[in-house]
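J.: Take a look at final.txt, compact mmCIF, C-alpha atoms:
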```txt
# COMPACT_ATOMS: atom_id res chain seq x y z
CA MET A 22 -22.21 -19.15 -14.45
CA SER A 23 -21.43 -17.32 -17.66
CA LEU A 24 -23.79 -14.93 -19.43
CA ALA A 25 -24.75 -15.03 -23.10
CA LEU A 26 -23.41 -11.49 -23.54
CA ASP A 27 -19.73 -11.63 -24.39
CA PRO A 28 -17.32 -10.47 -21.66
CA ALA A 29 -16.04 -7.45 -23.65
CA ALA A 30 -19.60 -6.15 -23.92
CA GLN A 31 -20.18 -6.79 -20.21
CA ASP A 32 -17.09 -4.71 -19.46
CA LEU A 33 -18.08 -1.94 -21.88
CA LEU A 34 -21.60 -1.54 -20.48
CA PHE A 35 -21.23 -2.35 -16.80
CA ARG A 36 -18.00 -3.69 -15.33
CA GLU A 37 -15.48 -1.23 -16.76
CA ALA A 38 -17.95 1.56 -17.48
CA ARG A 39 -17.84 4.36 -14.95
CA THR A 40 -19.46 7.68 -14.27
CA ALA A 41 -17.08 10.28 -15.71
CA ASN A 42 -16.30 13.56 -13.98
CA THR A 43 -13.91 14.98 -16.59
CA PHE A 44 -13.93 14.76 -20.38
CA THR A 45 -11.65 15.29 -23.37
CA ASP A 46 -12.48 18.01 -25.92
CA GLU A 47 -13.63 15.48 -28.54
CA PRO A 48 -17.12 16.53 -29.64
CA VAL A 49 -20.17 14.29 -29.40
CA THR A 50 -22.06 14.54 -32.69
CA ASP A 51 -25.78 14.43 -33.41
CA GLU A 52 -25.07 11.29 -35.42
CA GLN A 53 -23.74 9.60 -32.29
CA VAL A 54 -26.80 10.62 -30.28
CA GLN A 55 -29.04 9.34 -33.06
CA ALA A 56 -27.22 5.99 -33.10
CA ILE A 57 -27.66 5.74 -29.32
CA TYR A 58 -31.35 6.59 -29.55
CA ASP A 59 -31.95 4.20 -32.44
CA LEU A 60 -30.62 1.37 -30.29
CA VAL A 61 -32.16 2.11 -26.90
CA LYS A 62 -35.59 3.15 -28.20
CA TYR A 63 -36.33 -0.61 -28.25
CA GLY A 64 -36.05 -0.95 -24.46
CA PRO A 65 -39.44 -1.92 -22.99
CA THR A 66 -41.89 0.47 -21.29
CA SER A 67 -45.44 -0.06 -20.01
CA MET A 68 -47.73 -0.28 -23.05
CA ASN A 69 -44.78 1.02 -25.08
CA GLN A 70 -45.59 4.49 -23.76
CA SER A 71 -42.02 5.75 -24.35
CA PRO A 72 -42.29 8.96 -22.29
CA LEU A 73 -38.59 9.93 -22.42
CA ARG A 74 -37.77 13.25 -24.04
CA VAL A 75 -34.23 14.58 -24.51
CA VAL A 76 -32.99 18.16 -24.73
CA LEU A 77 -29.44 18.49 -26.07
CA VAL A 78 -27.88 21.62 -24.60
CA ARG A 79 -25.52 22.67 -27.40
CA SER A 80 -25.33 26.47 -27.57
CA PRO A 81 -22.97 28.28 -25.16
CA GLU A 82 -25.87 30.52 -24.15
CA ALA A 83 -28.10 27.53 -23.23
CA ARG A 84 -25.21 25.86 -21.38
CA GLU A 85 -24.78 29.03 -19.35
CA ARG A 86 -28.47 29.05 -18.45
CA LEU A 87 -28.30 25.39 -17.39
CA LEU A 88 -25.23 25.90 -15.20
CA GLN A 89 -27.13 28.35 -13.03
CA HIS A 90 -29.50 25.55 -11.99
CA MET A 91 -26.84 22.90 -11.32
CA ALA A 92 -25.72 22.09 -7.79
CA GLU A 93 -22.39 23.73 -7.15
CA GLY A 94 -20.50 20.43 -7.13
CA ASN A 95 -21.87 19.57 -10.58
CA ARG A 96 -21.22 22.94 -12.22
CA ALA A 97 -17.60 22.69 -13.41
CA LYS A 98 -18.00 19.29 -15.07
CA THR A 99 -21.28 20.33 -16.69
CA ALA A 100 -19.53 23.41 -18.05
CA ALA A 101 -16.69 21.29 -19.48
CA ALA A 102 -18.56 18.28 -20.94
CA PRO A 103 -18.59 18.04 -24.76
CA LEU A 104 -22.35 17.46 -24.68
CA VAL A 105 -24.99 17.86 -21.99
CA ALA A 106 -28.43 16.26 -22.25
CA ILE A 107 -31.49 16.96 -20.14
CA LEU A 108 -33.60 13.80 -19.82
CA ALA A 109 -37.27 14.44 -19.05
CA ALA A 110 -40.56 12.56 -18.82
CA ASP A 111 -43.48 13.73 -20.98
CA ASN A 112 -46.60 13.69 -18.83
CA GLU A 113 -48.72 13.98 -21.97
CA PHE A 114 -47.21 10.85 -23.54
CA HIS A 115 -50.72 9.45 -24.00
CA GLU A 116 -51.19 11.69 -27.05
CA GLU A 117 -48.76 9.40 -28.90
CA LEU A 118 -50.24 6.13 -27.59
CA PRO A 119 -52.45 5.43 -30.62
CA GLN A 120 -49.23 5.45 -32.67
CA LEU A 121 -47.21 3.51 -30.09
CA PHE A 122 -49.73 0.92 -28.94
CA PRO A 123 -51.98 0.48 -31.97
CA HIS A 124 -53.75 -2.67 -30.77
CA PHE A 125 -55.30 -0.82 -27.79
CA PRO A 126 -55.62 2.85 -28.80
CA GLN A 127 -58.38 3.42 -26.25
CA ALA A 128 -55.71 3.22 -23.51
CA LYS A 129 -55.05 6.89 -24.26
CA ASP A 130 -58.34 7.88 -22.63
CA THR A 131 -59.17 4.91 -20.39
CA VAL A 132 -55.95 3.80 -18.69
CA PHE A 133 -54.23 7.18 -19.01
CA GLY A 134 -57.10 9.66 -18.95
CA ASP A 135 -56.05 10.97 -15.54
CA ARG A 136 -53.07 13.32 -15.30
CA ALA A 137 -51.89 11.98 -11.92
CA VAL A 138 -51.81 8.44 -13.33
CA ARG A 139 -49.84 9.69 -16.32
CA GLU A 140 -47.32 11.57 -14.16
CA SER A 141 -46.65 8.52 -12.05
CA SER A 142 -46.35 6.24 -15.08
CA ALA A 143 -44.19 8.71 -17.02
CA LEU A 144 -41.81 9.01 -14.07
CA LEU A 145 -41.28 5.25 -13.73
CA ASN A 146 -41.07 4.56 -17.45
CA GLY A 147 -39.04 7.68 -18.19
CA ALA A 148 -36.54 6.47 -15.59
CA LEU A 149 -36.37 3.05 -17.27
CA GLN A 150 -35.61 4.80 -20.55
CA ALA A 151 -33.05 7.06 -18.87
CA ALA A 152 -31.23 3.91 -17.76
CA TYR A 153 -31.39 2.46 -21.28
CA PHE A 154 -30.00 5.77 -22.52
CA ILE A 155 -27.06 5.60 -20.11
CA VAL A 156 -26.38 2.04 -21.29
CA GLY A 157 -26.60 3.34 -24.88
CA VAL A 158 -24.05 6.10 -24.24
CA ARG A 159 -21.69 3.41 -23.05
CA ALA A 160 -22.55 1.22 -26.05
CA ALA A 161 -21.32 4.13 -28.17
CA GLY A 162 -17.94 3.95 -26.45
CA LEU A 163 -18.62 7.16 -24.54
CA ALA A 164 -18.85 7.88 -20.84
CA ALA A 165 -21.96 9.24 -19.15
CA GLY A 166 -22.07 11.47 -16.11
CA PRO A 167 -25.69 11.33 -14.91
CA MET A 168 -26.67 13.89 -12.25
CA THR A 169 -29.80 14.54 -10.21
CA GLY A 170 -28.18 17.38 -8.26
CA PHE A 171 -29.83 20.44 -9.82
CA ASP A 172 -32.83 22.71 -9.26
CA HIS A 173 -35.51 20.61 -10.94
CA GLU A 174 -38.13 23.36 -10.98
CA GLY A 175 -35.59 25.80 -12.39
CA VAL A 176 -34.61 23.41 -15.21
CA ARG A 177 -38.26 22.69 -15.93
CA LYS A 178 -39.08 26.39 -16.29
CA GLU A 179 -35.94 27.21 -18.25
CA PHE A 180 -35.92 24.32 -20.76
CA LEU A 181 -39.22 22.45 -20.53
CA ASP A 182 -42.83 23.24 -19.62
CA ASP A 183 -45.47 22.13 -17.13
CA ASP A 184 -46.09 18.95 -19.11
CA HIS A 185 -42.51 17.70 -18.68
CA THR A 186 -40.69 16.51 -15.56
CA PRO A 187 -36.88 16.63 -15.58
CA LEU A 188 -35.36 13.29 -14.52
CA MET A 189 -31.63 13.92 -14.77
CA VAL A 190 -28.92 15.85 -16.55
CA VAL A 191 -26.26 13.72 -18.28
CA ASN A 192 -22.78 14.82 -19.28
CA ILE A 193 -21.54 12.87 -22.30
CA GLY A 194 -18.08 12.53 -23.80
CA ARG A 195 -14.80 10.67 -23.74
CA PRO A 196 -13.37 10.47 -20.23
CA GLY A 197 -10.54 12.89 -19.55
CA GLU A 198 -7.71 12.89 -17.05
CA GLY A 199 -8.79 11.88 -13.54
CA ALA A 200 -12.31 11.17 -14.80
CA PHE A 201 -13.07 8.39 -12.37
CA ARG A 202 -13.38 8.18 -8.61
CA PRO A 203 -12.45 4.86 -7.02
CA ARG A 204 -15.24 2.32 -7.60
CA ALA A 205 -17.62 2.41 -4.64
CA PRO A 206 -18.71 -0.94 -3.15
CA ARG A 207 -21.98 -2.58 -4.20
CA LEU A 208 -24.47 -4.47 -2.07
CA THR A 209 -24.00 -8.23 -2.06
CA TYR A 210 -26.51 -10.54 -3.70
CA ASP A 211 -27.77 -11.62 -0.29
CA GLN A 212 -28.40 -8.01 0.74
CA VAL A 213 -30.58 -7.47 -2.31
CA VAL A 214 -32.26 -10.74 -3.26
CA THR A 215 -34.61 -12.82 -1.10
CA THR A 216 -36.62 -15.88 -2.07
CA VAL A 217 -40.14 -16.86 -1.06
CA MET B 21 -22.61 5.80 -37.44
CA SER B 22 -21.63 2.53 -35.77
CA LEU B 23 -21.53 1.93 -32.03
CA ALA B 24 -18.61 0.49 -30.08
CA LEU B 25 -20.84 -2.35 -28.85
CA ASP B 26 -20.73 -5.22 -31.32
CA PRO B 27 -23.89 -5.77 -33.39
CA ALA B 28 -24.63 -9.21 -31.89
CA ALA B 29 -24.71 -7.65 -28.42
CA GLN B 30 -26.92 -4.81 -29.70
CA ASP B 31 -29.34 -7.42 -31.01
CA LEU B 32 -29.24 -9.49 -27.83
CA LEU B 33 -29.95 -6.56 -25.52
CA PHE B 34 -32.18 -4.28 -27.58
CA ARG B 35 -32.88 -4.93 -31.25
CA GLU B 36 -33.87 -8.59 -31.17
CA ALA B 37 -34.79 -8.72 -27.47
CA ARG B 38 -38.51 -8.66 -26.85
CA THR B 39 -40.94 -8.79 -23.98
CA ALA B 40 -42.00 -12.46 -23.72
CA ASN B 41 -45.55 -13.53 -23.02
CA THR B 42 -44.98 -17.30 -23.03
CA PHE B 43 -42.05 -19.37 -21.77
CA THR B 44 -40.58 -22.86 -22.07
CA ASP B 45 -40.36 -25.09 -18.98
CA GLU B 46 -36.58 -24.65 -18.66
CA PRO B 47 -35.90 -23.48 -15.11
CA VAL B 48 -34.10 -20.26 -14.24
CA THR B 49 -31.55 -21.02 -11.53
CA ASP B 50 -30.36 -18.94 -8.60
CA GLU B 51 -26.92 -19.05 -10.22
CA GLN B 52 -28.30 -17.30 -13.29
CA VAL B 53 -29.96 -14.61 -11.18
CA GLN B 54 -26.71 -14.14 -9.28
CA ALA B 55 -24.76 -13.75 -12.54
CA ILE B 56 -27.30 -11.16 -13.70
CA TYR B 57 -27.08 -9.26 -10.42
CA ASP B 58 -23.29 -9.40 -10.33
CA LEU B 59 -23.23 -7.66 -13.71
CA VAL B 60 -25.96 -5.05 -13.36
CA LYS B 61 -25.12 -4.03 -9.80
CA TYR B 62 -22.50 -1.77 -11.39
CA GLY B 63 -25.08 0.41 -13.14
CA PRO B 64 -24.97 3.96 -11.75
CA THR B 65 -27.40 5.41 -9.18
CA SER B 66 -27.42 8.74 -7.34
CA MET B 67 -24.67 8.61 -4.71
CA ASN B 68 -24.53 4.86 -5.39
CA GLN B 69 -27.65 4.50 -3.26
CA SER B 70 -28.63 1.20 -4.94
CA PRO B 71 -32.22 1.01 -3.63
CA LEU B 72 -33.36 -1.96 -5.73
CA ARG B 73 -34.51 -5.05 -3.83
CA VAL B 74 -35.60 -8.29 -5.49
CA VAL B 75 -38.00 -10.95 -4.26
CA LEU B 76 -37.81 -14.23 -6.20
CA VAL B 77 -41.21 -15.91 -6.05
CA ARG B 78 -40.23 -19.59 -6.18
CA SER B 79 -42.66 -21.64 -4.06
CA PRO B 80 -46.00 -22.65 -5.61
CA GLU B 81 -47.74 -21.23 -2.55
CA ALA B 82 -46.09 -17.81 -2.97
CA ARG B 83 -46.81 -17.85 -6.72
CA GLU B 84 -50.47 -18.48 -5.92
CA ARG B 85 -50.53 -15.52 -3.53
CA LEU B 86 -48.91 -13.28 -6.15
CA LEU B 87 -51.38 -14.27 -8.89
CA GLN B 88 -54.28 -12.93 -6.87
CA HIS B 89 -52.80 -9.44 -7.11
CA MET B 90 -51.96 -9.52 -10.82
CA ALA B 91 -54.22 -7.83 -13.39
CA GLU B 92 -56.30 -10.46 -15.12
CA GLY B 93 -54.44 -10.08 -18.43
CA ASN B 94 -51.12 -10.77 -16.67
CA ARG B 95 -52.25 -13.77 -14.61
CA ALA B 96 -51.80 -16.72 -16.99
CA LYS B 97 -48.29 -15.78 -18.05
CA THR B 98 -47.23 -15.05 -14.48
CA ALA B 99 -48.54 -18.49 -13.50
CA ALA B 100 -46.56 -20.16 -16.29
CA ALA B 101 -43.20 -18.34 -16.14
CA PRO B 102 -40.24 -20.40 -14.88
CA LEU B 103 -39.31 -17.60 -12.50
CA VAL B 104 -41.11 -14.49 -11.30
CA ALA B 105 -39.30 -11.60 -9.59
CA ILE B 106 -40.82 -8.70 -7.71
CA LEU B 107 -38.62 -5.61 -8.08
CA ALA B 108 -39.02 -3.05 -5.30
CA ALA B 109 -37.41 0.16 -4.06
CA ASP B 110 -36.12 0.26 -0.48
CA ASN B 111 -37.17 3.60 1.04
CA GLU B 112 -34.71 3.02 3.89
CA PHE B 113 -31.75 2.63 1.53
CA HIS B 114 -29.91 5.35 3.45
CA GLU B 115 -29.07 2.84 6.19
CA GLU B 116 -26.60 1.26 3.75
CA LEU B 117 -25.17 4.55 2.46
CA PRO B 118 -22.13 4.62 4.77
CA GLN B 119 -21.14 1.29 3.15
CA LEU B 120 -22.10 2.37 -0.38
CA PHE B 121 -20.82 5.96 -0.44
CA PRO B 122 -17.95 5.90 2.04
CA HIS B 123 -16.47 9.28 1.08
CA PHE B 124 -19.62 11.12 2.24
CA PRO B 125 -21.25 8.99 4.96
CA GLN B 126 -23.04 12.02 6.38
CA ALA B 127 -25.36 11.93 3.34
CA LYS B 128 -27.33 9.30 5.25
CA ASP B 129 -28.64 11.94 7.64
CA THR B 130 -28.18 15.20 5.74
CA VAL B 131 -29.24 14.59 2.12
CA PHE B 132 -31.50 11.65 2.93
CA GLY B 133 -32.71 12.39 6.46
CA ASP B 134 -36.26 13.03 5.22
CA ARG B 135 -38.47 10.08 4.30
CA ALA B 136 -40.25 11.89 1.45
CA VAL B 137 -36.89 12.73 -0.15
CA ARG B 138 -35.85 9.09 0.19
CA GLU B 139 -39.08 7.78 -1.34
CA SER B 140 -38.72 10.03 -4.35
CA SER B 141 -35.04 9.18 -4.80
CA ALA B 142 -35.61 5.43 -4.26
CA LEU B 143 -38.35 5.42 -6.89
CA LEU B 144 -36.20 7.07 -9.56
CA ASN B 145 -33.05 5.12 -8.79
CA GLY B 146 -34.89 1.85 -8.22
CA ALA B 147 -36.42 2.29 -11.67
CA LEU B 148 -32.95 2.84 -13.17
CA GLN B 149 -31.81 -0.39 -11.55
CA ALA B 150 -34.96 -2.21 -12.72
CA ALA B 151 -34.00 -1.23 -16.28
CA TYR B 152 -30.43 -2.46 -15.73
CA PHE B 153 -31.92 -5.70 -14.39
CA ILE B 154 -34.06 -6.17 -17.53
CA VAL B 155 -30.95 -5.59 -19.66
CA GLY B 156 -29.15 -8.13 -17.45
CA VAL B 157 -31.85 -10.77 -17.95
CA ARG B 158 -31.33 -10.35 -21.68
CA ALA B 159 -27.55 -10.47 -21.22
CA ALA B 160 -28.11 -13.91 -19.68
CA GLY B 161 -29.80 -15.04 -22.89
CA LEU B 162 -33.21 -15.04 -21.23
CA ALA B 163 -36.37 -13.09 -21.97
CA ALA B 164 -37.99 -10.72 -19.50
CA GLY B 165 -41.69 -9.96 -19.22
CA PRO B 166 -41.88 -6.81 -17.07
CA MET B 167 -45.36 -5.84 -15.84
CA THR B 168 -46.79 -2.92 -13.89
CA GLY B 169 -50.35 -4.22 -14.12
CA PHE B 170 -50.96 -5.49 -10.58
CA ASP B 171 -52.37 -4.29 -7.28
CA HIS B 172 -49.32 -2.50 -5.92
CA GLU B 173 -50.69 -2.09 -2.40
CA GLY B 174 -51.67 -5.76 -2.35
CA VAL B 175 -48.19 -6.89 -3.43
CA ARG B 176 -46.59 -4.55 -0.91
CA LYS B 177 -48.64 -5.99 1.96
CA GLU B 178 -48.25 -9.59 0.81
CA PHE B 179 -44.52 -9.67 0.04
CA LEU B 180 -42.90 -6.47 1.29
CA ASP B 181 -43.50 -3.94 4.06
CA ASP B 182 -44.16 -0.22 4.47
CA ASP B 183 -40.51 0.57 3.80
CA HIS B 184 -40.58 -0.95 0.30
CA THR B 185 -42.40 0.22 -2.84
CA PRO B 186 -43.08 -2.35 -5.56
CA LEU B 187 -41.89 -1.14 -8.98
CA MET B 188 -42.73 -4.05 -11.26
CA VAL B 189 -43.14 -7.80 -11.51
CA VAL B 190 -40.90 -9.53 -14.06
CA ASN B 191 -41.45 -12.93 -15.62
CA ILE B 192 -38.14 -14.56 -16.59
CA GLY B 193 -37.37 -17.56 -18.80
CA ARG B 194 -36.73 -18.77 -22.30
CA PRO B 195 -39.41 -17.59 -24.72
CA GLY B 196 -41.98 -20.24 -25.64
CA GLU B 197 -44.26 -20.64 -28.63
CA GLY B 198 -45.99 -17.42 -29.67
CA ALA B 199 -44.03 -15.50 -27.03
CA PHE B 200 -43.86 -12.24 -28.95
CA ARG B 201 -46.43 -9.76 -30.19
CA PRO B 202 -45.54 -7.86 -33.37
CA ARG B 203 -42.98 -5.15 -32.57
CA ALA B 204 -44.83 -1.92 -31.83
CA PRO B 205 -43.53 1.26 -33.50
CA ARG B 206 -41.15 3.61 -31.68
CA LEU B 207 -41.07 7.39 -31.69
CA THR B 208 -38.68 8.89 -34.23
CA TYR B 209 -35.53 10.70 -33.13
CA ASP B 210 -37.12 14.03 -34.04
CA GLN B 211 -40.15 13.30 -31.86
CA VAL B 212 -37.92 12.72 -28.85
CA VAL B 213 -34.78 14.84 -29.18
CA THR B 214 -34.63 18.64 -29.42
CA THR B 215 -31.55 20.87 -29.38
CA VAL B 216 -31.10 24.24 -27.74
```
Would you give me this structure, written as structure tokens?
T.:
Amino acid sequence: MSLALDPAAQDLLFREARTANTFTDEPVTDEQVQAIYDLVKYGPTSMNQSPLRVVLVRSPEARERLLQHMAEGNRAKTAAAPLVAILAADNEFHEELPQLFPHFPQAKDTVFGDRAVRESSALLNGALQAAYFIVGVRAAGLAAGPMTGFDHEGVRKEFLDDDHTPLMVVNIGRPGEGAFRPRAPRLTYDQVVTTV
Amino acid sequence: MSLALDPAAQDLLFREARTANTFTDEPVTDEQVQAIYDLVKYGPTSMNQSPLRVVLVRSPEARERLLQHMAEGNRAKTAAAPLVAILAADNEFHEELPQLFPHFPQAKDTVFGDRAVRESSALLNGALQAAYFIVGVRAAGLAAGPMTGFDHEGVRKEFLDDDHTPLMVVNIGRPGEGAFRPRAPRLTYDQVVTTV
């Protein structure tokens, strides 16, 4: 069974794409990040709520502050990556809903009037958008190194605020020497999919 | 700034792809779902934990049971879709970790020994995989209709168990007449991305 997506694109986004642990010195420009965002912003979220927010950690001083919150095993590669992005969910995304979901603007106060409901929805939908973002980094011909191993409260306090929940930190760049570990096995179709 | 991914693939996966609300009668085969899975299984998760589980709702009797738990506005399209999939996170994913992350099998009991830690990690990583799955449905030339509007506890009890958390229900098929609402606006780059 062949897919509609051409095999080179399948390789670029999934089959050959790998989490990178080292990077070359080639910079990642704002123009590249904008091209990635302008593609993956179209990925679907519940009621188009689009809660993902991105902090690009560009200054050496900010990078230094971030490193202090990374798990030890993630520190060296986060120090060396050409660009590091903090992906976060905006728990106050409902403020933008009248713009984003114009045919049901009341959803801002009815469906999403409660903060706990928003937090839960922002987490799920922010994670969907984080995955689209990773796919977008690969679509740009770059490698992503997504990490959840960091002090989440520390990163929140240092770079965000109480209205934002950090989801992951992503190293971005061209893979360097020894960038890839051997591919780990995946679950088989029968381990994952059942039919009723 | 152009991306490495060719423009036709960008359109197929993001720019032209849309959430479908109606479908043709053309069936979606198990072979298609397997081709989708065999591509998107390579998307990255934390320690390759791969918590996504998929229930294909194929029998008319199971479809009927599912409809009772869908929000009213999602019922007609879920009744009519050629295939409906329940995407769930496996909170006991750590049982498979020694297979999935062979260079650190102890993670099963050290990092993921606590159920609350597993639930939180399975939710985030299951959502990443749900997004990869949606991209995969589009890669197969099909349209996805992902929905979070349903009674999650009801679906859990009816189709899953206490170890699994439903993430979304996805209608899958070829778009039918009037399948698409007008494209809703997206946030601008400057609304989403900041630099420090």
J.: Closest to Leu33 (chain A) among A:Gly157, A:Pro206, A:Gly175, A:Thr216, using all atoms listed in the file?
T.: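 Closest candidate: A:Gly157.
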J.: Tell me the residues of chain A close to chain B, meaning within 7 Å using all atoms listed in the file, as a ChimeraX atom specification.
T.: /A:22,24-26,30,35-36,52-53,55-56,58,60-64,67,74-80,83,121-122,145,148-149,152-153,160-162,169,205-207,210,213-217
J.: State, in Å with one decimal place, the distance from CA of Glu93 (chain A) to CA of Phe132 (chain B).
T.: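 Answer for the CA of Glu93 (chain A) to CA of Phe132 (chain B) separation: 18.2 Å.
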J.: Go ahead and compute the interatomic distance for CA of Ala137 (chain A) and CA of Phe114 (chain A), in Å to one decimal.
T.: 12.6 Å
J.: May I have the residues at most 10 Å from (-22.6, 18.9, -12.9) in the file's coordinates, counting all atoms listed in the file, as number ranges by chain?
T.: A: 42, 87-88, 90-102, 105, 166-171, 190-192
J.: Next, the residues of the selection above should be written as a short mmCIF file (atom, residue, chain, number, x, y, z; two decimals), keeping the file's coordinate frame with C-alpha atoms.
T.:
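After the write, part-v3.cif holds the following:
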```cif
data_model
loop_
_atom_site.label_atom_id
_atom_site.label_comp_id
_atom_site.auth_asym_id
_atom_site.auth_seq_id
_atom_site.Cartn_x
_atom_site.Cartn_y
_atom_site.Cartn_z
CA ASN A 42 -16.30 13.56 -13.98
CA LEU A 87 -28.30 25.39 -17.39
CA LEU A 88 -25.23 25.90 -15.20
CA HIS A 90 -29.50 25.55 -11.99
CA MET A 91 -26.84 22.90 -11.32
CA ALA A 92 -25.72 22.09 -7.79
CA GLU A 93 -22.39 23.73 -7.15
CA GLY A 94 -20.50 20.43 -7.13
CA ASN A 95 -21.87 19.57 -10.58
CA ARG A 96 -21.22 22.94 -12.22
CA ALA A 97 -17.60 22.69 -13.41
CA LYS A 98 -18.00 19.29 -15.07
CA THR A 99 -21.28 20.33 -16.69
CA ALA A 100 -19.53 23.41 -18.05
CA ALA A 101 -16.69 21.29 -19.48
CA ALA A 102 -18.56 18.28 -20.94
CA VAL A 105 -24.99 17.86 -21.99
CA GLY A 166 -22.07 11.47 -16.11
CA PRO A 167 -25.69 11.33 -14.91
CA MET A 168 -26.67 13.89 -12.25
CA THR A 169 -29.80 14.54 -10.21
CA GLY A 170 -28.18 17.38 -8.26
CA PHE A 171 -29.83 20.44 -9.82
CA VAL A 190 -28.92 15.85 -16.55
CA VAL A 191 -26.26 13.72 -18.28
CA ASN A 192 -22.78 14.82 -19.28
#
```
J.: Work out how far apart CA of Lys129 (chain A) and CA of His115 (chain A) are and give it in Å to one decimal.
T.: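 Atom-to-atom, CA of Lys129 (chain A) and CA of His115 (chain A) are spaced 5.0 Å apart.
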J.: Show me the residues around (-7.4, 15.2, -14.8) - criterion: an atom at most 10 Å away, all atoms listed in the file counted - as a PyMOL selection string.
T.: chain A and resi 42-45+196-201
